[in-house]
Structure formats: C-alpha cells, structure tokens
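Source file structure.cif; content: mmCIF, N, CA and C atoms.
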```cif
data_input
#
loop_
_atom_site.group_PDB
_atom_site.id
_atom_site.type_symbol
_atom_site.label_atom_id
_atom_site.label_comp_id
_atom_site.auth_asym_id
_atom_site.auth_seq_id
_atom_site.Cartn_x
_atom_site.Cartn_y
_atom_site.Cartn_z
ATOM 1 N N MET L 1 -8.978 -0.374 23.640
ATOM 2 C CA MET L 1 -9.228 -0.089 22.234
ATOM 3 C C MET L 1 -8.118 -0.728 21.403
ATOM 4 N N PRO L 2 -8.460 -1.587 20.427
ATOM 5 C CA PRO L 2 -7.427 -2.236 19.617
ATOM 6 C C PRO L 2 -6.769 -1.240 18.664
ATOM 7 N N LEU L 3 -5.515 -1.489 18.376
ATOM 8 C CA LEU L 3 -4.784 -0.644 17.434
ATOM 9 C C LEU L 3 -5.257 -0.925 16.014
ATOM 10 N N PRO L 4 -5.275 0.093 15.143
ATOM 11 C CA PRO L 4 -5.685 -0.142 13.755
ATOM 12 C C PRO L 4 -4.631 -0.985 13.035
ATOM 13 N N PRO L 5 -5.047 -1.789 12.048
ATOM 14 C CA PRO L 5 -4.078 -2.609 11.317
ATOM 15 C C PRO L 5 -3.119 -1.722 10.525
ATOM 16 N N VAL L 6 -1.867 -2.160 10.476
ATOM 17 C CA VAL L 6 -0.854 -1.404 9.738
ATOM 18 C C VAL L 6 -0.383 -2.213 8.550
ATOM 19 N N LEU L 7 0.167 -1.523 7.561
ATOM 20 C CA LEU L 7 0.675 -2.123 6.335
ATOM 21 C C LEU L 7 2.171 -1.895 6.267
ATOM 22 N N HIS L 8 2.923 -2.976 6.122
ATOM 23 C CA HIS L 8 4.382 -2.892 6.002
ATOM 24 C C HIS L 8 4.713 -2.477 4.572
ATOM 25 N N VAL L 9 5.306 -1.292 4.397
ATOM 26 C CA VAL L 9 5.630 -0.779 3.059
ATOM 27 C C VAL L 9 7.103 -0.935 2.730
ATOM 28 N N GLY L 10 7.836 -1.679 3.557
ATOM 29 C CA GLY L 10 9.238 -1.973 3.277
ATOM 30 C C GLY L 10 10.185 -1.315 4.251
ATOM 31 N N PHE L 11 11.290 -2.017 4.548
ATOM 32 C CA PHE L 11 12.386 -1.495 5.360
ATOM 33 C C PHE L 11 11.925 -0.997 6.724
ATOM 34 N N ARG L 12 11.095 -1.803 7.376
ATOM 35 C CA ARG L 12 10.553 -1.493 8.706
ATOM 36 C C ARG L 12 9.755 -0.195 8.752
ATOM 37 N N ASN L 13 9.114 0.152 7.662
ATOM 38 C CA ASN L 13 8.233 1.316 7.596
ATOM 39 C C ASN L 13 6.798 0.819 7.485
ATOM 40 N N TYR L 14 5.911 1.416 8.270
ATOM 41 C CA TYR L 14 4.523 0.988 8.332
ATOM 42 C C TYR L 14 3.600 2.193 8.186
ATOM 43 N N ILE L 15 2.430 1.944 7.598
ATOM 44 C CA ILE L 15 1.389 2.969 7.518
ATOM 45 C C ILE L 15 0.088 2.346 8.023
ATOM 46 N N VAL L 16 -0.829 3.179 8.448
ATOM 47 C CA VAL L 16 -2.132 2.692 8.898
ATOM 48 C C VAL L 16 -2.933 2.322 7.653
ATOM 49 N N SER L 17 -3.302 1.051 7.552
ATOM 50 C CA SER L 17 -3.935 0.551 6.333
ATOM 51 C C SER L 17 -5.311 1.175 6.073
ATOM 52 N N GLU L 18 -5.974 1.643 7.107
ATOM 53 C CA GLU L 18 -7.290 2.273 6.935
ATOM 54 C C GLU L 18 -7.216 3.556 6.115
ATOM 55 N N HIS L 19 -6.046 4.177 6.037
ATOM 56 C CA HIS L 19 -5.902 5.453 5.357
ATOM 57 C C HIS L 19 -5.447 5.329 3.906
ATOM 58 N N VAL L 20 -5.259 4.111 3.412
ATOM 59 C CA VAL L 20 -4.818 3.914 2.027
ATOM 60 C C VAL L 20 -6.019 4.074 1.096
ATOM 61 N N LEU L 21 -5.878 4.980 0.120
ATOM 62 C CA LEU L 21 -6.931 5.180 -0.874
ATOM 63 C C LEU L 21 -6.632 4.424 -2.158
ATOM 64 N N ALA L 22 -5.350 4.397 -2.573
ATOM 65 C CA ALA L 22 -4.976 3.749 -3.829
ATOM 66 C C ALA L 22 -3.517 3.326 -3.784
ATOM 67 N N ILE L 23 -3.227 2.234 -4.505
ATOM 68 C CA ILE L 23 -1.867 1.737 -4.662
ATOM 69 C C ILE L 23 -1.575 1.783 -6.160
ATOM 70 N N ILE L 24 -0.647 2.657 -6.575
ATOM 71 C CA ILE L 24 -0.410 2.945 -7.992
ATOM 72 C C ILE L 24 1.042 2.673 -8.354
ATOM 73 N N SER L 25 1.262 2.151 -9.554
ATOM 74 C CA SER L 25 2.613 1.927 -10.061
ATOM 75 C C SER L 25 3.304 3.269 -10.303
ATOM 76 N N ALA L 26 4.582 3.321 -10.010
ATOM 77 C CA ALA L 26 5.348 4.562 -10.169
ATOM 78 C C ALA L 26 6.018 4.663 -11.534
ATOM 79 N N ASP L 27 5.733 3.720 -12.443
ATOM 80 C CA ASP L 27 6.430 3.668 -13.724
ATOM 81 C C ASP L 27 5.961 4.686 -14.753
ATOM 82 N N SER L 28 4.760 5.204 -14.623
ATOM 83 C CA SER L 28 4.238 6.102 -15.650
ATOM 84 C C SER L 28 4.797 7.521 -15.498
ATOM 85 N N ALA L 29 4.826 8.235 -16.593
ATOM 86 C CA ALA L 29 5.332 9.613 -16.603
ATOM 87 C C ALA L 29 4.509 10.543 -15.708
ATOM 88 N N PRO L 30 3.167 10.444 -15.697
ATOM 89 C CA PRO L 30 2.403 11.320 -14.798
ATOM 90 C C PRO L 30 2.738 11.096 -13.322
ATOM 91 N N MET L 31 2.975 9.857 -12.937
ATOM 92 C CA MET L 31 3.320 9.583 -11.539
ATOM 93 C C MET L 31 4.717 10.117 -11.214
ATOM 94 N N ARG L 32 5.655 9.978 -12.144
ATOM 95 C CA ARG L 32 7.005 10.534 -11.927
ATOM 96 C C ARG L 32 6.954 12.054 -11.816
ATOM 97 N N ARG L 33 6.102 12.689 -12.637
ATOM 98 C CA ARG L 33 5.954 14.149 -12.551
ATOM 99 C C ARG L 33 5.351 14.554 -11.212
ATOM 100 N N LEU L 34 4.369 13.792 -10.757
ATOM 101 C CA LEU L 34 3.745 14.088 -9.465
ATOM 102 C C LEU L 34 4.762 14.003 -8.342
ATOM 103 N N VAL L 35 5.588 12.956 -8.336
ATOM 104 C CA VAL L 35 6.615 12.806 -7.303
ATOM 105 C C VAL L 35 7.582 13.972 -7.356
ATOM 106 N N HIS L 36 7.974 14.369 -8.574
ATOM 107 C CA HIS L 36 8.900 15.494 -8.728
ATOM 108 C C HIS L 36 8.290 16.788 -8.171
ATOM 109 N N GLN L 37 7.000 16.992 -8.418
ATOM 110 C CA GLN L 37 6.320 18.189 -7.917
ATOM 111 C C GLN L 37 6.212 18.188 -6.393
ATOM 112 N N LEU L 38 6.023 17.016 -5.810
ATOM 113 C CA LEU L 38 5.815 16.927 -4.359
ATOM 114 C C LEU L 38 7.112 16.876 -3.559
ATOM 115 N N LYS L 39 8.250 16.633 -4.225
ATOM 116 C CA LYS L 39 9.521 16.548 -3.487
ATOM 117 C C LYS L 39 9.757 17.832 -2.707
ATOM 118 N N GLY L 40 10.152 17.684 -1.469
ATOM 119 C CA GLY L 40 10.412 18.829 -0.610
ATOM 120 C C GLY L 40 9.174 19.323 0.132
ATOM 121 N N SER L 41 8.012 18.775 -0.201
ATOM 122 C CA SER L 41 6.802 19.196 0.510
ATOM 123 C C SER L 41 6.504 18.201 1.633
ATOM 124 N N GLN L 42 5.596 18.578 2.503
ATOM 125 C CA GLN L 42 5.216 17.697 3.598
ATOM 126 C C GLN L 42 4.170 16.675 3.165
ATOM 127 N N GLN L 43 3.756 16.707 1.911
ATOM 128 C CA GLN L 43 2.772 15.753 1.411
ATOM 129 C C GLN L 43 3.421 14.462 0.930
ATOM 130 N N LEU L 44 4.743 14.440 0.773
ATOM 131 C CA LEU L 44 5.439 13.276 0.248
ATOM 132 C C LEU L 44 6.229 12.597 1.355
ATOM 133 N N ILE L 45 5.997 11.293 1.522
ATOM 134 C CA ILE L 45 6.725 10.496 2.504
ATOM 135 C C ILE L 45 7.500 9.443 1.737
ATOM 136 N N ASP L 46 8.819 9.472 1.826
ATOM 137 C CA ASP L 46 9.677 8.540 1.095
ATOM 138 C C ASP L 46 10.067 7.389 2.016
ATOM 139 N N ALA L 47 9.523 6.200 1.745
ATOM 140 C CA ALA L 47 9.822 5.013 2.542
ATOM 141 C C ALA L 47 10.661 4.019 1.741
ATOM 142 N N THR L 48 11.423 4.520 0.760
ATOM 143 C CA THR L 48 12.193 3.624 -0.117
ATOM 144 C C THR L 48 13.590 3.332 0.400
ATOM 145 N N GLN L 49 14.079 4.087 1.360
ATOM 146 C CA GLN L 49 15.440 3.932 1.890
ATOM 147 C C GLN L 49 16.477 4.011 0.764
ATOM 148 N N GLY L 50 16.247 4.877 -0.215
ATOM 149 C CA GLY L 50 17.193 5.081 -1.316
ATOM 150 C C GLY L 50 17.043 4.110 -2.471
ATOM 151 N N ARG L 51 16.116 3.160 -2.380
ATOM 152 C CA ARG L 51 15.901 2.203 -3.465
ATOM 153 C C ARG L 51 15.007 2.817 -4.540
ATOM 154 N N LYS L 52 14.856 2.094 -5.641
ATOM 155 C CA LYS L 52 13.995 2.554 -6.729
ATOM 156 C C LYS L 52 12.540 2.535 -6.274
ATOM 157 N N THR L 53 11.825 3.597 -6.548
ATOM 158 C CA THR L 53 10.407 3.680 -6.204
ATOM 159 C C THR L 53 9.610 2.818 -7.168
ATOM 160 N N LYS L 54 8.865 1.868 -6.622
ATOM 161 C CA LYS L 54 8.024 0.999 -7.453
ATOM 162 C C LYS L 54 6.549 1.350 -7.329
ATOM 163 N N THR L 55 6.166 1.880 -6.156
ATOM 164 C CA THR L 55 4.753 2.083 -5.876
ATOM 165 C C THR L 55 4.506 3.399 -5.160
ATOM 166 N N LEU L 56 3.398 4.035 -5.516
ATOM 167 C CA LEU L 56 2.923 5.208 -4.806
ATOM 168 C C LEU L 56 1.647 4.825 -4.080
ATOM 169 N N LEU L 57 1.564 5.159 -2.816
ATOM 170 C CA LEU L 57 0.356 4.917 -2.036
ATOM 171 C C LEU L 57 -0.285 6.267 -1.741
ATOM 172 N N PHE L 58 -1.483 6.452 -2.251
ATOM 173 C CA PHE L 58 -2.220 7.681 -1.990
ATOM 174 C C PHE L 58 -3.007 7.480 -0.706
ATOM 175 N N MET L 59 -2.871 8.432 0.211
ATOM 176 C CA MET L 59 -3.446 8.319 1.546
ATOM 177 C C MET L 59 -4.510 9.398 1.747
ATOM 178 N N THR L 60 -5.359 9.186 2.756
ATOM 179 C CA THR L 60 -6.296 10.239 3.125
ATOM 180 C C THR L 60 -5.484 11.426 3.624
ATOM 181 N N GLY L 61 -5.984 12.607 3.455
ATOM 182 C CA GLY L 61 -5.252 13.793 3.871
ATOM 183 C C GLY L 61 -4.270 14.261 2.810
ATOM 184 N N SER L 62 -4.397 13.769 1.591
ATOM 185 C CA SER L 62 -3.598 14.156 0.417
ATOM 186 C C SER L 62 -2.102 13.887 0.549
ATOM 187 N N CYS L 63 -1.722 12.888 1.331
ATOM 188 C CA CYS L 63 -0.323 12.463 1.417
ATOM 189 C C CYS L 63 -0.070 11.358 0.406
ATOM 190 N N VAL L 64 1.179 11.290 -0.068
ATOM 191 C CA VAL L 64 1.612 10.227 -0.967
ATOM 192 C C VAL L 64 2.827 9.569 -0.334
ATOM 193 N N VAL L 65 2.802 8.237 -0.245
ATOM 194 C CA VAL L 65 3.904 7.469 0.321
ATOM 195 C C VAL L 65 4.592 6.736 -0.815
ATOM 196 N N LEU L 66 5.931 6.871 -0.894
ATOM 197 C CA LEU L 66 6.718 6.147 -1.888
ATOM 198 C C LEU L 66 7.216 4.857 -1.270
ATOM 199 N N SER L 67 7.110 3.754 -2.027
ATOM 200 C CA SER L 67 7.558 2.462 -1.535
ATOM 201 C C SER L 67 8.383 1.753 -2.599
ATOM 202 N N ALA L 68 9.371 0.975 -2.151
ATOM 203 C CA ALA L 68 10.190 0.170 -3.052
ATOM 204 C C ALA L 68 9.618 -1.230 -3.221
ATOM 205 N N VAL L 69 8.469 -1.484 -2.638
ATOM 206 C CA VAL L 69 7.804 -2.787 -2.722
ATOM 207 C C VAL L 69 6.778 -2.719 -3.857
ATOM 208 N N SER L 70 6.610 -3.820 -4.604
ATOM 209 C CA SER L 70 5.681 -3.828 -5.737
ATOM 210 C C SER L 70 4.236 -3.694 -5.265
ATOM 211 N N GLN L 71 3.393 -3.198 -6.166
ATOM 212 C CA GLN L 71 1.990 -3.000 -5.795
ATOM 213 C C GLN L 71 1.272 -4.327 -5.575
ATOM 214 N N GLU L 72 1.683 -5.401 -6.252
ATOM 215 C CA GLU L 72 1.076 -6.709 -6.017
ATOM 216 C C GLU L 72 1.333 -7.175 -4.577
ATOM 217 N N THR L 73 2.572 -7.031 -4.131
ATOM 218 C CA THR L 73 2.927 -7.428 -2.770
ATOM 219 C C THR L 73 2.172 -6.586 -1.748
ATOM 220 N N LEU L 74 2.102 -5.283 -1.982
ATOM 221 C CA LEU L 74 1.389 -4.408 -1.048
ATOM 222 C C LEU L 74 -0.103 -4.726 -1.021
ATOM 223 N N ALA L 75 -0.680 -5.052 -2.175
ATOM 224 C CA ALA L 75 -2.105 -5.395 -2.219
ATOM 225 C C ALA L 75 -2.373 -6.672 -1.429
ATOM 226 N N LYS L 76 -1.478 -7.657 -1.542
ATOM 227 C CA LYS L 76 -1.626 -8.891 -0.760
ATOM 228 C C LYS L 76 -1.518 -8.596 0.729
ATOM 229 N N ARG L 77 -0.541 -7.776 1.096
ATOM 230 C CA ARG L 77 -0.368 -7.426 2.509
ATOM 231 C C ARG L 77 -1.570 -6.660 3.028
ATOM 232 N N LEU L 78 -2.106 -5.762 2.200
ATOM 233 C CA LEU L 78 -3.268 -4.977 2.601
ATOM 234 C C LEU L 78 -4.476 -5.885 2.797
ATOM 235 N N GLY L 79 -4.658 -6.849 1.906
ATOM 236 C CA GLY L 79 -5.750 -7.806 2.055
ATOM 237 C C GLY L 79 -5.609 -8.621 3.320
ATOM 238 N N ALA L 80 -4.391 -9.040 3.639
ATOM 239 C CA ALA L 80 -4.147 -9.808 4.869
ATOM 240 C C ALA L 80 -4.399 -8.948 6.098
ATOM 241 N N ALA L 81 -4.002 -7.682 6.035
ATOM 242 C CA ALA L 81 -4.213 -6.782 7.174
ATOM 243 C C ALA L 81 -5.699 -6.549 7.405
ATOM 244 N N GLU L 82 -6.481 -6.450 6.329
ATOM 245 C CA GLU L 82 -7.926 -6.251 6.478
ATOM 246 C C GLU L 82 -8.592 -7.489 7.046
ATOM 247 N N LEU L 83 -8.119 -8.675 6.633
ATOM 248 C CA LEU L 83 -8.671 -9.908 7.197
ATOM 249 C C LEU L 83 -8.404 -10.020 8.684
ATOM 250 N N GLU L 84 -7.187 -9.674 9.088
ATOM 251 C CA GLU L 84 -6.826 -9.725 10.516
ATOM 252 C C GLU L 84 -7.667 -8.740 11.316
ATOM 253 N N GLY L 85 -7.879 -7.546 10.755
ATOM 254 C CA GLY L 85 -8.658 -6.535 11.469
ATOM 255 C C GLY L 85 -10.127 -6.871 11.535
ATOM 256 N N GLY L 86 -10.654 -7.622 10.538
ATOM 257 C CA GLY L 86 -12.062 -7.949 10.506
ATOM 258 C C GLY L 86 -12.460 -9.098 11.401
ATOM 259 N N GLU L 87 -11.503 -9.873 11.879
ATOM 260 C CA GLU L 87 -11.813 -11.040 12.703
ATOM 261 C C GLU L 87 -12.111 -10.687 14.146
ATOM 262 N N GLU L 88 -11.810 -9.488 14.576
ATOM 263 C CA GLU L 88 -12.017 -9.114 15.981
ATOM 264 C C GLU L 88 -13.433 -8.758 16.262
#
```

Spell out the structure here as structure tokens.
Amino acid sequence: MPLPPVLHVGFRNYIVSEHVLAIISADSAPMRRLVHQLKGSQQLIDATQGRKTKTLLFMTGSCVVLSAVSQETLAKRLGAAELEGGEE
C-alpha cells in the first residue's frame, strides 16, 4: 500500500496533504483571535519553530496547523503533491 502524499509546511514538518481543507492567511484579526482561542488546546499544532505565523491550515478533524511558510508556497507544494499522488 503506497503512503499518502505529504505536504512540507516548513522546518522539516510534514502533514498528510489529503487532510487539508483550507490554506488561510494568518494576517486577519479573526484568524489571530482563533489562534489565541486555540492556544493550549490539542486542536492547534504549531509548526512555525518560533517564527512569525504566515498561514493557517485547516485540517479534517477540526485541527489547525500554524506554518511560517506563505500560503502561495504551500498551495504550489500541495498542487505538486497531488500531481505526484495522482500518477500512480
């Protein structure tokens, strides 16, 4: 059984690309409030390694992943991961 494609979200952190629902900019006030509300819960995964959060990835299972990589870069990587997974 082949492994599902993964998405590199920065600093050697990877997520399963099949579980990504949305890639959202972290610059807006509602997104900053959401991150503040989720801090300390098991629903928030911080993959920024202490850097500025640029992107929030909403995952299946109501998890949110914080990334220091821009949403444009992640979208390109996600598209490449889907192409690689579709060729098999």

Output, as lines of an AutoDock Vina configuration file, the centre and edge lengths in Å (one decimal) of the axis-aligned box that contains all listed atoms of range 77-81 of chain L with 5 Å of margin on each side.
```
center_x = -3.1
center_y = -7.4
center_z = 4.3
size_x = 15.4
size_y = 14.8
size_z = 16.3
```

Practice prompt. Could you list the residues chosen by the PyMOL selection byres (((chain L and resi 47 and name CA) around 7) and name CA) in this structure as a PyMOL selection string?
Written response: chain L and resi 13+45-46+48-49+65-67

Worksheet entry | Residue list (strand (DSSP E), DSSP) for range 7-65 of chain L, as a PyMOL selection string | chain L and resi 7-10+13-16+20-25+44-46+55-59+64-65

Worksheet item: Which distance in Å separates atom N of Leu7 in chain L and CA of Ser25 in chain L, to one decimal?
Response: 18.1 Å

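Taken over the whole file, the PyMOL selection byres (((chain L and resi 30-34 and name CA) around 12) and name CA) covers exactly Ile23, Ile24, Ser25, Ala26, Asp27, Ser28, Ala29, Val35, His36, Gln37, Leu38, Lys39, Ser41, Gln43, Leu44, Lys52, Thr53, Lys54, Thr55, Leu56, Leu57, Phe58, Cys63, Val64, Val65 and Leu66 of chain L.
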
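The coordinates place atom N of Met1 in chain L at 28.3 Å from atom N of Leu74 in chain L.
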
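Atom pair atom N of Leu83 in chain L / atom C of Gly50 in chain L: separated by 29.7 Å.
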
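Backbone DSSP of chain L yields alpha helix (DSSP H) at L:Ala29, L:Pro30, L:Met31, L:Arg32, L:Arg33, L:Leu34, L:Val35, L:His36, L:Gln37, L:Leu38, L:Gln71, L:Glu72, L:Thr73, L:Leu74, L:Ala75, L:Lys76, L:Arg77, L:Leu78, L:Gly79, L:Ala80, L:Ala81, L:Glu82, L:Leu83, L:Glu84, L:Gly85, L:Gly86.
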
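Near Thr60 in chain L, within 7 Å and counting all atoms listed in the file, sit L:Glu18, L:His19, L:Val20, L:Leu21, L:Phe58, L:Ser62, L:Cys63, not including residues fewer than 2 positions from it in the same chain.
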
Once you have the residues from the selection above, write them out as a PDB file, in the frame of the given file, restricted to N, CA and C atoms.
```
ATOM      1  N   GLU L  18      -5.974   1.643   7.107  1.00  0.00           N
ATOM      2  CA  GLU L  18      -7.290   2.273   6.935  1.00  0.00           C
ATOM      3  C   GLU L  18      -7.216   3.556   6.115  1.00  0.00           C
ATOM      4  N   HIS L  19      -6.046   4.177   6.037  1.00  0.00           N
ATOM      5  CA  HIS L  19      -5.902   5.453   5.357  1.00  0.00           C
ATOM      6  C   HIS L  19      -5.447   5.329   3.906  1.00  0.00           C
ATOM      7  N   VAL L  20      -5.259   4.111   3.412  1.00  0.00           N
ATOM      8  CA  VAL L  20      -4.818   3.914   2.027  1.00  0.00           C
ATOM      9  C   VAL L  20      -6.019   4.074   1.096  1.00  0.00           C
ATOM     10  N   LEU L  21      -5.878   4.980   0.120  1.00  0.00           N
ATOM     11  CA  LEU L  21      -6.931   5.180  -0.874  1.00  0.00           C
ATOM     12  C   LEU L  21      -6.632   4.424  -2.158  1.00  0.00           C
ATOM     13  N   PHE L  58      -1.483   6.452  -2.251  1.00  0.00           N
ATOM     14  CA  PHE L  58      -2.220   7.681  -1.990  1.00  0.00           C
ATOM     15  C   PHE L  58      -3.007   7.480  -0.706  1.00  0.00           C
ATOM     16  N   SER L  62      -4.397  13.769   1.591  1.00  0.00           N
ATOM     17  CA  SER L  62      -3.598  14.156   0.417  1.00  0.00           C
ATOM     18  C   SER L  62      -2.102  13.887   0.549  1.00  0.00           C
ATOM     19  N   CYS L  63      -1.722  12.888   1.331  1.00  0.00           N
ATOM     20  CA  CYS L  63      -0.323  12.463   1.417  1.00  0.00           C
ATOM     21  C   CYS L  63      -0.070  11.358   0.406  1.00  0.00           C
TER      22      CYS L  63
END
```
